[in-house]
file model18.cif (mmCIF, C-alpha atoms and all ligand atoms)
data_structure
#
loop_
_atom_site.group_PDB
_atom_site.id
_atom_site.type_symbol
_atom_site.label_atom_id
_atom_site.label_comp_id
_atom_site.auth_asym_id
_atom_site.auth_seq_id
_atom_site.Cartn_x
_atom_site.Cartn_y
_atom_site.Cartn_z
ATOM 1 C CA MET A 554 -89.380 -4.600 121.128
ATOM 2 C CA CYS A 555 -86.217 -6.252 122.439
ATOM 3 C CA ILE A 556 -86.816 -9.359 124.575
ATOM 4 C CA MET A 557 -84.081 -9.833 127.099
ATOM 5 C CA PRO A 558 -82.706 -13.327 127.706
ATOM 6 C CA HIS A 559 -83.721 -14.892 130.988
ATOM 7 C CA VAL A 560 -80.725 -16.042 133.031
ATOM 8 C CA VAL A 561 -81.358 -18.300 136.016
ATOM 9 C CA VAL A 562 -78.690 -18.668 138.690
ATOM 10 C CA ILE A 563 -79.008 -21.540 141.161
ATOM 11 C CA GLY A 564 -77.074 -20.874 144.362
ATOM 12 C CA CYS A 565 -76.069 -17.592 145.936
ATOM 13 C CA GLY A 566 -72.718 -18.451 147.454
ATOM 14 C CA PHE A 567 -69.569 -16.617 146.306
ATOM 15 C CA ALA A 568 -69.888 -18.008 142.775
ATOM 16 C CA GLY A 569 -73.591 -17.364 142.183
ATOM 17 C CA LEU A 570 -73.522 -13.966 143.854
ATOM 18 C CA THR A 571 -70.507 -12.762 141.860
ATOM 19 C CA ALA A 572 -72.080 -13.933 138.605
ATOM 20 C CA ALA A 573 -75.428 -12.361 139.501
ATOM 21 C CA LYS A 574 -73.899 -9.009 140.460
ATOM 22 C CA ALA A 575 -72.139 -8.811 137.093
ATOM 23 C CA LEU A 576 -75.212 -9.993 135.155
ATOM 24 C CA ALA A 577 -77.471 -7.495 136.925
ATOM 25 C CA LYS A 578 -75.647 -4.723 135.039
ATOM 26 C CA LEU A 579 -76.385 -6.299 131.638
ATOM 27 C CA PRO A 580 -79.584 -6.310 129.565
ATOM 28 C CA VAL A 581 -80.873 -9.623 130.931
ATOM 29 C CA GLN A 582 -83.748 -10.775 133.124
ATOM 30 C CA LEU A 583 -82.238 -12.492 136.122
ATOM 31 C CA THR A 584 -83.716 -15.032 138.525
ATOM 32 C CA LEU A 585 -81.682 -16.126 141.538
ATOM 33 C CA ILE A 586 -82.743 -19.281 143.346
ATOM 34 C CA ASP A 587 -81.313 -20.374 146.677
ATOM 35 C CA ARG A 588 -82.747 -22.685 149.303
ATOM 36 C CA ARG A 589 -81.705 -20.103 151.881
ATOM 37 C CA ASN A 590 -82.669 -16.460 151.937
ATOM 38 C CA HIS A 591 -79.128 -15.354 152.754
ATOM 39 C CA HIS A 592 -75.634 -15.416 151.377
ATOM 40 C CA LEU A 593 -73.195 -16.995 153.841
ATOM 41 C CA PHE A 594 -69.590 -15.838 154.235
ATOM 42 C CA GLN A 595 -68.136 -19.300 154.791
ATOM 43 C CA PRO A 596 -64.534 -18.261 155.613
ATOM 44 C CA LEU A 597 -65.704 -16.924 158.986
ATOM 45 C CA LEU A 598 -67.793 -19.956 159.958
ATOM 46 C CA TYR A 599 -65.036 -21.023 162.331
ATOM 47 C CA GLN A 600 -65.611 -17.825 164.321
ATOM 48 C CA VAL A 601 -69.276 -18.759 164.760
ATOM 49 C CA ALA A 602 -68.186 -22.288 165.746
ATOM 50 C CA THR A 603 -66.028 -20.803 168.522
ATOM 51 C CA ALA A 604 -68.526 -18.178 169.694
ATOM 52 C CA GLY A 605 -66.479 -15.240 168.384
ATOM 53 C CA LEU A 606 -69.232 -14.133 165.991
ATOM 54 C CA SER A 607 -72.969 -14.717 165.747
ATOM 55 C CA PRO A 608 -74.570 -16.179 162.589
ATOM 56 C CA ALA A 609 -76.040 -12.797 161.621
ATOM 57 C CA ASP A 610 -72.499 -11.346 161.433
ATOM 58 C CA ILE A 611 -71.621 -13.598 158.486
ATOM 59 C CA SER A 612 -74.977 -13.799 156.688
ATOM 60 C CA MET A 613 -76.440 -11.265 154.301
ATOM 61 C CA PRO A 614 -80.021 -11.374 152.971
ATOM 62 C CA ILE A 615 -79.862 -12.010 149.214
ATOM 63 C CA ARG A 616 -82.835 -9.703 148.613
ATOM 64 C CA ALA A 617 -80.983 -6.864 150.307
ATOM 65 C CA VAL A 618 -78.021 -7.280 147.921
ATOM 66 C CA PHE A 619 -80.309 -6.801 144.910
ATOM 67 C CA ARG A 620 -82.691 -4.288 146.470
ATOM 68 C CA GLY A 621 -84.100 -1.890 143.865
ATOM 69 C CA ARG A 622 -82.973 -4.014 140.873
ATOM 70 C CA ARG A 623 -86.197 -4.426 138.896
ATOM 71 C CA LYS A 624 -84.737 -7.000 136.483
ATOM 72 C CA VAL A 625 -83.687 -9.294 139.328
ATOM 73 C CA ARG A 626 -86.060 -11.777 140.951
ATOM 74 C CA VAL A 627 -84.995 -13.705 144.046
ATOM 75 C CA LEU A 628 -86.663 -17.017 144.917
ATOM 76 C CA MET A 629 -86.062 -18.957 148.100
ATOM 77 C CA ASP A 630 -86.552 -22.575 147.097
ATOM 78 C CA GLU A 631 -84.708 -25.853 146.656
ATOM 79 C CA VAL A 632 -84.014 -26.909 143.082
ATOM 80 C CA THR A 633 -84.858 -30.582 142.784
ATOM 81 C CA ALA A 634 -84.221 -31.169 139.066
ATOM 82 C CA ILE A 635 -83.176 -29.515 135.818
ATOM 83 C CA ASP A 636 -85.092 -30.339 132.653
ATOM 84 C CA VAL A 637 -82.429 -29.654 130.050
ATOM 85 C CA GLU A 638 -84.700 -30.622 127.107
ATOM 86 C CA SER A 639 -87.340 -28.027 127.879
ATOM 87 C CA ARG A 640 -84.888 -25.606 129.545
ATOM 88 C CA ALA A 641 -86.563 -25.398 132.913
ATOM 89 C CA VAL A 642 -85.504 -25.602 136.532
ATOM 90 C CA LYS A 643 -87.801 -27.594 138.825
ATOM 91 C CA MET A 644 -88.560 -26.911 142.454
ATOM 92 C CA GLY A 645 -91.047 -29.616 143.329
ATOM 93 C CA ASP A 646 -94.103 -28.804 141.190
ATOM 94 C CA HIS A 647 -92.898 -25.284 140.435
ATOM 95 C CA ARG A 648 -90.961 -24.719 137.174
ATOM 96 C CA VAL A 649 -88.923 -21.737 136.038
ATOM 97 C CA ALA A 650 -87.935 -21.565 132.366
ATOM 98 C CA TYR A 651 -84.503 -20.267 131.400
ATOM 99 C CA ASP A 652 -82.554 -19.213 128.335
ATOM 100 C CA VAL A 653 -79.227 -19.472 130.134
ATOM 101 C CA LEU A 654 -78.602 -21.437 133.326
ATOM 102 C CA ILE A 655 -75.791 -21.039 135.864
ATOM 103 C CA VAL A 656 -75.484 -23.812 138.433
ATOM 104 C CA ALA A 657 -73.471 -22.607 141.441
ATOM 105 C CA THR A 658 -74.624 -24.948 144.169
ATOM 106 C CA GLY A 659 -71.265 -25.350 145.926
ATOM 107 C CA ALA A 660 -69.796 -28.484 147.415
ATOM 108 C CA ARG A 661 -70.300 -30.722 150.419
ATOM 109 C CA HIS A 662 -67.585 -31.934 152.742
ATOM 110 C CA ALA A 663 -66.410 -35.527 152.240
ATOM 111 C CA TYR A 664 -65.213 -38.215 154.626
ATOM 112 C CA PHE A 665 -63.366 -40.135 151.902
ATOM 113 C CA GLY A 666 -65.321 -43.340 152.383
ATOM 114 C CA HIS A 667 -65.704 -42.929 156.174
ATOM 115 C CA ASP A 668 -69.215 -41.478 156.418
ATOM 116 C CA ASP A 669 -69.518 -43.193 159.821
ATOM 117 C CA TRP A 670 -67.188 -40.464 161.177
ATOM 118 C CA GLU A 671 -69.759 -37.734 160.552
ATOM 119 C CA PRO A 672 -71.721 -38.016 163.840
ATOM 120 C CA PHE A 673 -68.469 -37.538 165.797
ATOM 121 C CA ALA A 674 -66.813 -34.985 163.522
ATOM 122 C CA PRO A 675 -69.320 -32.734 161.776
ATOM 123 C CA GLY A 676 -68.193 -30.712 158.761
ATOM 124 C CA LEU A 677 -68.174 -26.920 158.710
ATOM 125 C CA LYS A 678 -70.085 -25.659 155.679
ATOM 126 C CA GLN A 679 -73.294 -24.165 157.026
ATOM 127 C CA VAL A 680 -74.457 -22.088 159.958
ATOM 128 C CA GLU A 681 -76.089 -25.202 161.445
ATOM 129 C CA ASP A 682 -72.707 -27.005 161.391
ATOM 130 C CA ALA A 683 -71.046 -24.080 163.158
ATOM 131 C CA LEU A 684 -73.755 -23.907 165.820
ATOM 132 C CA ASP A 685 -73.474 -27.656 166.397
ATOM 133 C CA ILE A 686 -69.699 -27.405 166.874
ATOM 134 C CA ARG A 687 -70.151 -24.382 169.167
ATOM 135 C CA ARG A 688 -72.669 -26.313 171.275
ATOM 136 C CA ARG A 689 -70.266 -29.261 171.596
ATOM 137 C CA ILE A 690 -67.324 -27.038 172.583
ATOM 138 C CA LEU A 691 -69.253 -25.026 175.170
ATOM 139 C CA LEU A 692 -70.889 -28.176 176.611
ATOM 140 C CA ALA A 693 -67.437 -29.751 176.993
ATOM 141 C CA PHE A 694 -66.403 -26.805 179.173
ATOM 142 C CA GLU A 695 -69.612 -27.060 181.210
ATOM 143 C CA ARG A 696 -69.079 -30.800 181.798
ATOM 144 C CA ALA A 697 -65.408 -30.292 182.661
ATOM 145 C CA GLU A 698 -66.428 -27.705 185.215
ATOM 146 C CA ALA A 699 -68.912 -30.120 186.789
ATOM 147 C CA THR A 700 -66.590 -33.136 187.190
ATOM 148 C CA ASP A 701 -64.226 -33.791 190.104
ATOM 149 C CA ASP A 702 -62.267 -36.389 188.110
ATOM 150 C CA ALA A 703 -59.067 -34.789 186.786
ATOM 151 C CA ALA A 704 -58.584 -37.395 184.021
ATOM 152 C CA GLU A 705 -62.150 -36.924 182.835
ATOM 153 C CA ARG A 706 -61.667 -33.154 182.871
ATOM 154 C CA GLN A 707 -58.525 -33.546 180.764
ATOM 155 C CA ARG A 708 -60.440 -35.767 178.325
ATOM 156 C CA LEU A 709 -63.346 -33.342 178.063
ATOM 157 C CA LEU A 710 -61.020 -30.438 177.345
ATOM 158 C CA THR A 711 -58.992 -32.233 174.674
ATOM 159 C CA PHE A 712 -60.176 -31.225 171.192
ATOM 160 C CA ALA A 713 -59.117 -33.181 168.094
ATOM 161 C CA ILE A 714 -59.269 -31.561 164.656
ATOM 162 C CA VAL A 715 -58.679 -33.709 161.591
ATOM 163 C CA GLY A 716 -57.291 -31.659 158.712
ATOM 164 C CA ALA A 717 -54.700 -28.912 159.050
ATOM 165 C CA GLY A 718 -55.673 -26.783 156.090
ATOM 166 C CA PRO A 719 -56.815 -23.183 156.667
ATOM 167 C CA THR A 720 -60.104 -24.206 158.324
ATOM 168 C CA GLY A 721 -58.484 -26.710 160.694
ATOM 169 C CA VAL A 722 -55.665 -24.348 161.665
ATOM 170 C CA GLU A 723 -58.002 -21.381 162.174
ATOM 171 C CA LEU A 724 -60.346 -23.517 164.233
ATOM 172 C CA ALA A 725 -57.466 -24.802 166.391
ATOM 173 C CA GLY A 726 -56.281 -21.234 167.033
ATOM 174 C CA ALA A 727 -59.783 -20.065 167.881
ATOM 175 C CA ILE A 728 -60.372 -22.955 170.320
ATOM 176 C CA ALA A 729 -57.038 -22.211 172.033
ATOM 177 C CA GLU A 730 -57.959 -18.538 172.295
ATOM 178 C CA LEU A 731 -61.381 -19.428 173.650
ATOM 179 C CA ALA A 732 -59.845 -21.671 176.320
ATOM 180 C CA LYS A 733 -56.946 -19.417 177.264
ATOM 181 C CA VAL A 734 -58.593 -16.017 177.075
ATOM 182 C CA ALA A 735 -62.384 -15.851 176.772
ATOM 183 C CA LEU A 736 -63.519 -18.845 178.853
ATOM 184 C CA ALA A 737 -60.539 -18.942 181.215
ATOM 185 C CA MET A 738 -62.089 -16.077 183.137
ATOM 186 C CA ASP A 739 -65.402 -17.906 183.548
ATOM 187 C CA PHE A 740 -64.359 -21.545 184.008
ATOM 188 C CA ALA A 741 -62.100 -22.618 186.861
ATOM 189 C CA ALA A 742 -61.624 -26.090 185.260
ATOM 190 C CA SER A 743 -60.089 -24.635 182.145
ATOM 191 C CA ILE A 744 -57.505 -22.809 184.221
ATOM 192 C CA ARG A 745 -56.701 -25.961 186.240
ATOM 193 C CA VAL A 746 -56.096 -28.014 183.068
ATOM 194 C CA ARG A 747 -53.944 -25.277 181.559
ATOM 195 C CA HIS A 748 -51.755 -25.183 184.667
ATOM 196 C CA GLY A 749 -51.577 -28.968 184.855
ATOM 197 C CA CYS A 750 -53.177 -29.235 188.311
ATOM 198 C CA CYS A 751 -56.393 -30.930 189.400
HETATM 199 C C1 LIG B 1 -64.956 -23.030 156.988
HETATM 200 C C2 LIG B 1 -64.524 -22.538 155.624
HETATM 201 C C3 LIG B 1 -63.479 -21.612 155.527
HETATM 202 C C4 LIG B 1 -63.102 -21.131 154.268
HETATM 203 N N1 LIG B 1 -62.099 -20.195 154.191
HETATM 204 C C5 LIG B 1 -61.761 -19.690 152.989
HETATM 205 C C6 LIG B 1 -60.776 -18.654 152.874
HETATM 206 O O1 LIG B 1 -60.198 -18.212 153.879
HETATM 207 N N2 LIG B 1 -60.478 -18.184 151.635
HETATM 208 C C7 LIG B 1 -61.110 -18.656 150.507
HETATM 209 O O2 LIG B 1 -60.816 -18.175 149.410
HETATM 210 N N3 LIG B 1 -62.031 -19.621 150.589
HETATM 211 C C8 LIG B 1 -62.380 -20.138 151.793
HETATM 212 N N4 LIG B 1 -63.317 -21.133 151.870
HETATM 213 C C9 LIG B 1 -63.894 -21.661 150.636
HETATM 214 C C10 LIG B 1 -64.995 -20.774 150.115
HETATM 215 O O3 LIG B 1 -65.823 -20.306 151.165
HETATM 216 C C11 LIG B 1 -65.781 -21.613 149.131
HETATM 217 O O4 LIG B 1 -64.911 -22.005 148.101
HETATM 218 C C12 LIG B 1 -66.922 -20.818 148.544
HETATM 219 O O5 LIG B 1 -67.812 -20.403 149.549
HETATM 220 C C13 LIG B 1 -67.638 -21.681 147.538
HETATM 221 O O6 LIG B 1 -68.592 -20.867 146.948
HETATM 222 P P1 LIG B 1 -69.718 -21.478 146.037
HETATM 223 O O7 LIG B 1 -70.546 -20.320 145.560
HETATM 224 O O8 LIG B 1 -69.131 -22.388 145.030
HETATM 225 O O9 LIG B 1 -70.574 -22.424 147.005
HETATM 226 P P2 LIG B 1 -71.376 -22.094 148.343
HETATM 227 O O10 LIG B 1 -70.842 -20.904 149.046
HETATM 228 O O11 LIG B 1 -71.453 -23.386 149.084
HETATM 229 O O12 LIG B 1 -72.837 -21.698 147.825
HETATM 230 C C14 LIG B 1 -73.725 -22.631 147.282
HETATM 231 C C15 LIG B 1 -75.135 -22.055 147.413
HETATM 232 O O13 LIG B 1 -76.018 -22.902 146.703
HETATM 233 C C16 LIG B 1 -77.189 -23.112 147.480
HETATM 234 N N5 LIG B 1 -77.743 -24.395 147.048
HETATM 235 C C17 LIG B 1 -77.127 -25.599 147.061
HETATM 236 N N6 LIG B 1 -77.937 -26.537 146.543
HETATM 237 C C18 LIG B 1 -79.089 -25.911 146.202
HETATM 238 C C19 LIG B 1 -80.325 -26.354 145.629
HETATM 239 N N7 LIG B 1 -80.519 -27.636 145.275
HETATM 240 N N8 LIG B 1 -81.305 -25.443 145.434
HETATM 241 C C20 LIG B 1 -81.139 -24.155 145.784
HETATM 242 N N9 LIG B 1 -79.987 -23.674 146.319
HETATM 243 C C21 LIG B 1 -78.983 -24.547 146.525
HETATM 244 C C22 LIG B 1 -76.707 -23.113 148.924
HETATM 245 O O14 LIG B 1 -77.761 -22.774 149.813
HETATM 246 C C23 LIG B 1 -75.618 -22.031 148.869
HETATM 247 O O15 LIG B 1 -76.132 -20.748 149.184
HETATM 248 C C24 LIG B 1 -63.736 -21.619 153.097
HETATM 249 C C25 LIG B 1 -64.783 -22.551 153.203
HETATM 250 C C26 LIG B 1 -65.171 -23.003 154.451
HETATM 251 C C27 LIG B 1 -66.314 -24.005 154.541
#
call {"tool": "encode", "arguments": {"input": "model18.cif", "output": "structure tokens"}}
result
Amino acid sequence: MCIMPHVVVIGCGFAGLTAAKALAKLPVQLTLIDRRNHHLFQPLLYQVATAGLSPADISMPIRAVFRGRRKVRVLMDEVTAIDVESRAVKMGDHRVAYDVLIVATGARHAYFGHDDWEPFAPGLKQVEDALDIRRRILLAFERAEATDDAAERQRLLTFAIVGAGPTGVELAGAIAELAKVALAMDFAASIRVRHGCC
């Protein structure tokens, strides 16, 4: 009887998912572990942050991707440690032994020594980040609509983005589109700021 090696993949982002899809075709037992039950398409997070898409549009259940694959087991859990000596992944008290381990847990955003900036400028890596940014943007429009002070309205409708890589540039474009097209029809204040009148 041939015993198949047990491959454990931690993380089902682009890296983990791509590895798992390829491994699922090979003679291996596969266990995928992610603290979330869905794969997230991060490149479109900025669309969720600007109300162009909803979170469900950019999330895909991991179980659905591997539906019908009997050699693939999906676990929703947070890996807390790896015991390299005994070849086991730990999730609290729960352990999963492995023959081969792939760690694909992604990266976090960094403030380059300025962690105190985080409350004012959240990163954009998870659905929660996008929803937080969306809430801040939409609330700024609501508050601008409610004030009679033109300077305050201008302040509320001024958005600063630090970082002009793809995410920053896409976000800037989406905020401009939101202000000039989508919300302009619903908010009188936005139109007044755009035309420079109070
Ligand atoms: C806003 C934004 C826009 C982007 N746009 C582009 C683009 O246009 N083109 C492009 O090529 N790239 C783009 N990228 C980059 C690209 O999305 C990332 O490089 C890619 O998603 C990284 O994949 P990953 O699998 O390494 O990590 P992730 O996608 O971050 O996946 C890591 C997974 O590991 C899980 N995990 C983490 N820790 C644990 C743990 N302890 N236990 C269990 N599970 C855990 C997480 O839940 C997650 O599912 C963008 C990224 C962002 C944030």
call {"tool": "residues_near_ligand", "arguments": {"input": "model18.cif", "ligand": "ligand LIG 1 (chain B)", "cutoff": "7 Å", "atoms": "all atoms listed in the file", "output": "MDAnalysis selection string"}}
result
chainID A and resid 563:569 586:589 592:599 630:633 657:660 677:678 719:720
call {"tool": "atom_distance", "arguments": {"input": "model18.cif", "atom1": "CA of Ala572 (chain A)", "atom2": "CA of Gly621 (chain A)"}}
result
17.8 Å
call {"tool": "resolve_selection", "arguments": {"input": "model18.cif", "expression": "the PyMOL selection byres (((chain A and resi 604) around 12) and not hetatm)", "output": "PyMOL selection string"}}
result
chain A and resi 597-603+605-608+610+683-691+724+727-728+730-732+735-736
call {"tool": "atom_distance", "arguments": {"input": "model18.cif", "atom1": "CA of Ala741 (chain A)", "atom2": "CA of Glu698 (chain A)"}}
result
6.9 Å
call {"tool": "resolve_selection", "arguments": {"input": "model18.cif", "expression": "the PyMOL selection byres (((chain A and resi 673) around 12) and not hetatm)", "output": "VMD selection string"}}
result
chain A and resid 664 667 to 672 674 to 676 685 to 686 689 712 to 715
call {"tool": "atom_distance", "arguments": {"input": "model18.cif", "atom1": "CA of Thr700 (chain A)", "atom2": "CA of Ala725 (chain A)"}}
result
24.2 Å
call {"tool": "closest_residue", "arguments": {"input": "model18.cif", "among": "A:Ala697, A:Leu576, A:Ala729, A:Leu709", "to": "Val653 (chain A)", "atoms": "only C-alpha atoms"}}
result
A:Leu576
call {"tool": "closest_residue", "arguments": {"input": "model18.cif", "among": "A:Leu710, A:Asn590, A:Val642, A:Gly726", "to": "Val656 (chain A)", "atoms": "all atoms listed in the file"}}
result
A:Val642
call {"tool": "resolve_selection", "arguments": {"input": "model18.cif", "expression": "the PyMOL selection byres (((chain A and resi 574) around 12) and not hetatm)", "output": "PyMOL selection string"}}
result
chain A and resi 562+565-573+575-579+581+583-585+615+618-620+622+624-625
call {"tool": "build_atoms", "arguments": {"input": "model18.cif", "residues": "region 681-697 of chain A", "atoms": "N, CA, C and O atoms", "output": "mmCIF file, keeping the file's coordinate frame"}}
result
data_model
loop_
_atom_site.group_PDB
_atom_site.id
_atom_site.type_symbol
_atom_site.label_atom_id
_atom_site.label_comp_id
_atom_site.auth_asym_id
_atom_site.auth_seq_id
_atom_site.Cartn_x
_atom_site.Cartn_y
_atom_site.Cartn_z
ATOM 1 N N GLU A 681 -75.671 -24.130 160.534
ATOM 2 C CA GLU A 681 -76.089 -25.202 161.445
ATOM 3 C C GLU A 681 -74.882 -26.016 161.925
ATOM 4 O O GLU A 681 -74.814 -26.417 163.086
ATOM 5 N N ASP A 682 -73.923 -26.264 161.005
ATOM 6 C CA ASP A 682 -72.707 -27.005 161.391
ATOM 7 C C ASP A 682 -71.940 -26.222 162.454
ATOM 8 O O ASP A 682 -71.464 -26.779 163.446
ATOM 9 N N ALA A 683 -71.806 -24.916 162.220
ATOM 10 C CA ALA A 683 -71.046 -24.080 163.158
ATOM 11 C C ALA A 683 -71.715 -24.048 164.529
ATOM 12 O O ALA A 683 -71.039 -24.135 165.561
ATOM 13 N N LEU A 684 -73.043 -23.955 164.530
ATOM 14 C CA LEU A 684 -73.755 -23.907 165.820
ATOM 15 C C LEU A 684 -73.647 -25.246 166.547
ATOM 16 O O LEU A 684 -73.568 -25.284 167.780
ATOM 17 N N ASP A 685 -73.619 -26.342 165.780
ATOM 18 C CA ASP A 685 -73.474 -27.656 166.397
ATOM 19 C C ASP A 685 -72.091 -27.784 167.042
ATOM 20 O O ASP A 685 -71.957 -28.244 168.180
ATOM 21 N N ILE A 686 -71.061 -27.339 166.321
ATOM 22 C CA ILE A 686 -69.699 -27.405 166.874
ATOM 23 C C ILE A 686 -69.594 -26.497 168.102
ATOM 24 O O ILE A 686 -69.023 -26.877 169.124
ATOM 25 N N ARG A 687 -70.184 -25.308 168.029
ATOM 26 C CA ARG A 687 -70.151 -24.382 169.167
ATOM 27 C C ARG A 687 -70.817 -25.001 170.399
ATOM 28 O O ARG A 687 -70.295 -24.937 171.508
ATOM 29 N N ARG A 688 -71.968 -25.667 170.168
ATOM 30 C CA ARG A 688 -72.669 -26.313 171.275
ATOM 31 C C ARG A 688 -71.788 -27.388 171.908
ATOM 32 O O ARG A 688 -71.665 -27.479 173.122
ATOM 33 N N ARG A 689 -71.112 -28.185 171.061
ATOM 34 C CA ARG A 689 -70.266 -29.261 171.596
ATOM 35 C C ARG A 689 -69.098 -28.689 172.402
ATOM 36 O O ARG A 689 -68.741 -29.217 173.459
ATOM 37 N N ILE A 690 -68.483 -27.619 171.879
ATOM 38 C CA ILE A 690 -67.324 -27.038 172.583
ATOM 39 C C ILE A 690 -67.760 -26.463 173.937
ATOM 40 O O ILE A 690 -67.154 -26.744 174.977
ATOM 41 N N LEU A 691 -68.828 -25.673 173.921
ATOM 42 C CA LEU A 691 -69.253 -25.026 175.170
ATOM 43 C C LEU A 691 -69.750 -26.063 176.184
ATOM 44 O O LEU A 691 -69.485 -25.936 177.384
ATOM 45 N N LEU A 692 -70.429 -27.125 175.691
ATOM 46 C CA LEU A 692 -70.889 -28.176 176.611
ATOM 47 C C LEU A 692 -69.705 -28.923 177.230
ATOM 48 O O LEU A 692 -69.758 -29.332 178.391
ATOM 49 N N ALA A 693 -68.624 -29.076 176.457
ATOM 50 C CA ALA A 693 -67.437 -29.751 176.993
ATOM 51 C C ALA A 693 -66.882 -28.952 178.178
ATOM 52 O O ALA A 693 -66.488 -29.529 179.204
ATOM 53 N N PHE A 694 -66.867 -27.631 178.055
ATOM 54 C CA PHE A 694 -66.403 -26.805 179.173
ATOM 55 C C PHE A 694 -67.333 -26.929 180.369
ATOM 56 O O PHE A 694 -66.888 -27.003 181.520
ATOM 57 N N GLU A 695 -68.645 -26.936 180.103
ATOM 58 C CA GLU A 695 -69.612 -27.060 181.210
ATOM 59 C C GLU A 695 -69.414 -28.387 181.937
ATOM 60 O O GLU A 695 -69.421 -28.440 183.170
ATOM 61 N N ARG A 696 -69.228 -29.483 181.173
ATOM 62 C CA ARG A 696 -69.079 -30.800 181.798
ATOM 63 C C ARG A 696 -67.751 -30.898 182.549
ATOM 64 O O ARG A 696 -67.669 -31.504 183.614
ATOM 65 N N ALA A 697 -66.709 -30.287 181.987
ATOM 66 C CA ALA A 697 -65.408 -30.292 182.661
ATOM 67 C C ALA A 697 -65.500 -29.543 183.986
ATOM 68 O O ALA A 697 -64.888 -29.943 184.992
#
